[in-house]
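> Would you mind keeping the following structure in view while I ask a few things?
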Amino acid sequence: MHTATIRRYYVWQMPVRVYHWVNALCILSLCITGYLIGSPLAIQSGSEASFGYWFGTVRFIHFVSAFVFFFNFVGRIYWGFVGNKYAQWKNFIWHRKEQVKEIVDVLKVDILQAKIGPLKSIGHNTLASFTYFLSFLAFLFQCMTGFGMYAAMSHAWLPQMFAWVVPLMGGDFAVRQWHHLTMWFFILFSIVHVYLVFYHDYVEGRGVLSSMVGGWKFIEEEKK
């Protein structure tokens with residue numbers, strides 16, 4: 001007879017949860033407004049010109065979201081050094097042999113569905129952690145290219161820090177194309193991320209979804 005107990009672990013601290021939801025809202029806003037900036041709608045109106053400034057509003061929302069996104073990301077970098085063991089940066093890079101085995105197990109369960117059973121990781125599993133690390137690099141790239149283009153129309157200190165990006169990458173057109181392509185990485189990543197969250201929440205019953213609200217995960221442990 002299988003007997004087990006359910007233990008509750010406080011995994012995601014408040015700064016991590018705030019970062020996650022602010023980041024999600026920023027990415028949603030940036031992708032929608034970024035797409036409109038790349039492919040603007042031809043909205044015609046017979047009203048006075050100042051009432052037709054919708055595209056300027058779209059750009060304003062995009063720029064404000066970009067600033068919030070950047071400083072939220074800086075806060076997460078900081079918390080990767082001072083947060084609990086589940087938030088630290090060492091979790092996002094492979095450095096132990098058992099992590100390779102965990103990656104294989106995750107592929108068998110999540111992708112190939114060749115193995116049945118919950119994974120034992122309490123925080124992010126190794127494959128998820130490495131994927132998030134790649135997404136952090138994409139975040140950095142988007143910040144650099146976005147503020148690099150914005151530097152041409154702003155004398156603020158933050159955009160000017162990235163003014164060197166456009167000349168380095170071959171001009172505005174090339175930077176804009178790379179910036180747009182990376183947007184689609186975020187869209188695809190978000191689709192897979194949401195699917196896996198609901199999948200693990202249903203299959204494992206660990207409270208994966210609610211853990212990003214309250215911070216707690218529920219882990220089934222065998223009774224000895």
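By convention here, the chains of the structure tokens are called A, B, ... in the order presented, each chain's residues are numbered starting at 1, and ligands are numbered starting at 1 in the order presented.
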Apply DSSP to the structure's backbone, then extract all residues of stretch 61-220 of chain A labelled strand (DSSP E or B) and return them as a VMD selection string.
chain A and resid 216 to 220
> Mind the document's chain letters and residue numbers, and return as a ChimeraX atom specification the residues of chain A that DSSP labels alpha helix (DSSP H).
/A:14-38,54-82,97-106,126-150,157-160,165-169,172-204,208-214
> Write the residues of the selection above to a file with C-alpha atoms, as a compact mmCIF listing (two decimals), in the first residue's frame.

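Wrote out10.txt, looks like this:
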```txt
# COMPACT_ATOMS: atom_id res chain seq x y z
CA MET A 14 7.93 37.89 -2.56
CA PRO A 15 10.53 39.67 -4.80
CA VAL A 16 10.61 36.66 -7.15
CA ARG A 17 6.81 36.58 -7.38
CA VAL A 18 6.56 40.32 -7.96
CA TYR A 19 9.26 40.08 -10.63
CA HIS A 20 7.43 37.23 -12.35
CA TRP A 21 4.07 38.99 -12.66
CA VAL A 22 5.50 42.41 -13.52
CA ASN A 23 7.66 40.73 -16.14
CA ALA A 24 4.66 38.87 -17.58
CA LEU A 25 2.64 42.09 -17.89
CA CYS A 26 5.58 43.94 -19.44
CA ILE A 27 6.21 41.20 -22.01
CA LEU A 28 2.51 41.15 -22.93
CA SER A 29 2.49 44.94 -23.34
CA LEU A 30 5.80 45.02 -25.23
CA CYS A 31 4.81 42.25 -27.65
CA ILE A 32 1.44 43.81 -28.51
CA THR A 33 2.78 47.34 -28.92
CA GLY A 34 5.97 46.10 -30.59
CA TYR A 35 3.96 44.19 -33.17
CA LEU A 36 1.85 47.30 -33.87
CA ILE A 37 4.98 49.41 -34.22
CA GLY A 38 6.41 46.90 -36.72
CA TRP A 54 -3.12 56.58 -31.36
CA PHE A 55 0.25 55.47 -32.77
CA GLY A 56 2.06 57.92 -30.50
CA THR A 57 0.17 56.38 -27.58
CA VAL A 58 1.26 52.91 -28.69
CA ARG A 59 4.89 54.03 -28.77
CA PHE A 60 4.56 55.70 -25.37
CA ILE A 61 3.17 52.50 -23.81
CA HIS A 62 5.99 50.52 -25.43
CA PHE A 63 8.67 52.84 -24.04
CA VAL A 64 7.20 52.96 -20.53
CA SER A 65 6.87 49.15 -20.49
CA ALA A 66 10.50 48.90 -21.63
CA PHE A 67 11.74 51.01 -18.72
CA VAL A 68 9.69 49.02 -16.20
CA PHE A 69 10.89 45.77 -17.82
CA PHE A 70 14.54 46.87 -17.57
CA PHE A 71 14.51 47.91 -13.92
CA ASN A 72 12.44 44.86 -12.97
CA PHE A 73 15.11 42.72 -14.66
CA VAL A 74 17.89 44.55 -12.79
CA GLY A 75 16.04 43.80 -9.53
CA ARG A 76 15.90 40.08 -10.42
CA ILE A 77 19.64 40.05 -11.15
CA TYR A 78 20.25 41.50 -7.69
CA TRP A 79 17.90 38.98 -6.04
CA GLY A 80 19.79 36.15 -7.73
CA PHE A 81 22.65 36.93 -5.33
CA VAL A 82 20.76 37.65 -2.09
CA LYS A 97 26.47 15.57 -12.89
CA GLU A 98 23.05 14.90 -11.36
CA GLN A 99 21.70 17.91 -13.22
CA VAL A 100 22.38 16.18 -16.54
CA LYS A 101 20.39 13.14 -15.35
CA GLU A 102 17.54 15.44 -14.32
CA ILE A 103 17.50 17.00 -17.80
CA VAL A 104 17.10 13.54 -19.33
CA ASP A 105 14.26 12.75 -16.90
CA VAL A 106 12.50 16.03 -17.74
CA THR A 126 17.57 21.85 -14.43
CA LEU A 127 16.13 22.06 -17.96
CA ALA A 128 13.68 24.79 -16.92
CA SER A 129 16.45 26.69 -15.13
CA PHE A 130 18.71 26.61 -18.17
CA THR A 131 15.81 27.69 -20.40
CA TYR A 132 15.18 30.64 -18.08
CA PHE A 133 18.88 31.49 -18.24
CA LEU A 134 18.60 31.66 -22.04
CA SER A 135 15.52 33.84 -21.65
CA PHE A 136 17.52 36.17 -19.38
CA LEU A 137 20.09 36.52 -22.17
CA ALA A 138 17.21 37.33 -24.54
CA PHE A 139 15.96 39.92 -22.03
CA LEU A 140 19.40 41.54 -22.02
CA PHE A 141 19.55 41.51 -25.81
CA GLN A 142 16.12 43.15 -26.11
CA CYS A 143 17.10 45.84 -23.60
CA MET A 144 20.33 46.57 -25.45
CA THR A 145 18.78 46.73 -28.91
CA GLY A 146 15.65 48.56 -27.75
CA PHE A 147 17.48 51.27 -25.84
CA GLY A 148 20.10 51.38 -28.59
CA MET A 149 17.41 52.44 -31.09
CA TYR A 150 15.77 54.75 -28.54
CA TRP A 157 21.39 58.60 -19.53
CA LEU A 158 19.92 55.09 -19.79
CA PRO A 159 19.34 54.97 -23.58
CA GLN A 160 22.66 56.70 -24.17
CA VAL A 165 24.73 49.02 -30.15
CA VAL A 166 23.29 50.36 -33.43
CA PRO A 167 26.67 51.16 -35.08
CA LEU A 168 28.07 47.83 -33.86
CA MET A 169 25.20 45.80 -35.37
CA ASP A 172 18.95 50.84 -37.40
CA PHE A 173 17.40 48.45 -39.91
CA ALA A 174 19.48 45.45 -38.78
CA VAL A 175 18.90 46.20 -35.09
CA ARG A 176 15.16 46.61 -35.66
CA GLN A 177 14.99 43.24 -37.46
CA TRP A 178 16.82 41.42 -34.66
CA HIS A 179 14.68 43.18 -32.05
CA HIS A 180 11.55 42.05 -33.89
CA LEU A 181 12.73 38.44 -34.26
CA THR A 182 13.53 38.20 -30.56
CA MET A 183 9.96 39.31 -29.83
CA TRP A 184 8.76 36.08 -31.43
CA PHE A 185 11.09 34.12 -29.13
CA PHE A 186 9.20 35.64 -26.18
CA ILE A 187 5.84 34.77 -27.72
CA LEU A 188 6.82 31.12 -28.31
CA PHE A 189 8.47 30.88 -24.89
CA SER A 190 5.31 32.21 -23.21
CA ILE A 191 3.10 29.65 -24.98
CA VAL A 192 5.32 26.73 -23.92
CA HIS A 193 5.73 28.15 -20.41
CA VAL A 194 1.99 28.48 -19.79
CA TYR A 195 1.34 24.99 -21.19
CA LEU A 196 3.97 23.36 -18.93
CA VAL A 197 2.76 25.23 -15.84
CA PHE A 198 -0.77 23.90 -16.29
CA TYR A 199 0.55 20.45 -17.25
CA HIS A 200 2.65 20.08 -14.09
CA ASP A 201 -0.03 21.63 -11.92
CA TYR A 202 -2.51 18.99 -13.13
CA VAL A 203 -0.16 15.97 -13.31
CA GLU A 204 1.95 16.54 -10.19
CA VAL A 208 2.86 25.12 -9.40
CA LEU A 209 0.43 27.82 -10.51
CA SER A 210 -0.56 28.98 -7.03
CA SER A 211 3.10 28.98 -5.92
CA MET A 212 3.65 32.15 -7.95
CA VAL A 213 0.89 33.79 -5.92
CA GLY A 214 1.56 32.56 -2.39
```
> I'd like the interatomic distance between atom CA of A:Met161 and atom CA of A:Trp89, to a tenth of an Å.
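Between these atoms lies a distance of 25.1 Å.
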> Measuring between only C-alpha atoms, which one of A:Arg7, A:Ala163, A:Phe218, A:Gln13 shows the shortest distance to A:Gln88?
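Selected residue with least distance to A:Gln88: A:Gln13.
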> Mind pulling up the distance from atom CA of A:Trp216 to atom CA of A:Lys108?
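Straight-line distance from atom CA of A:Lys108 to atom CA of A:Trp216 works out to 26.0 Å.
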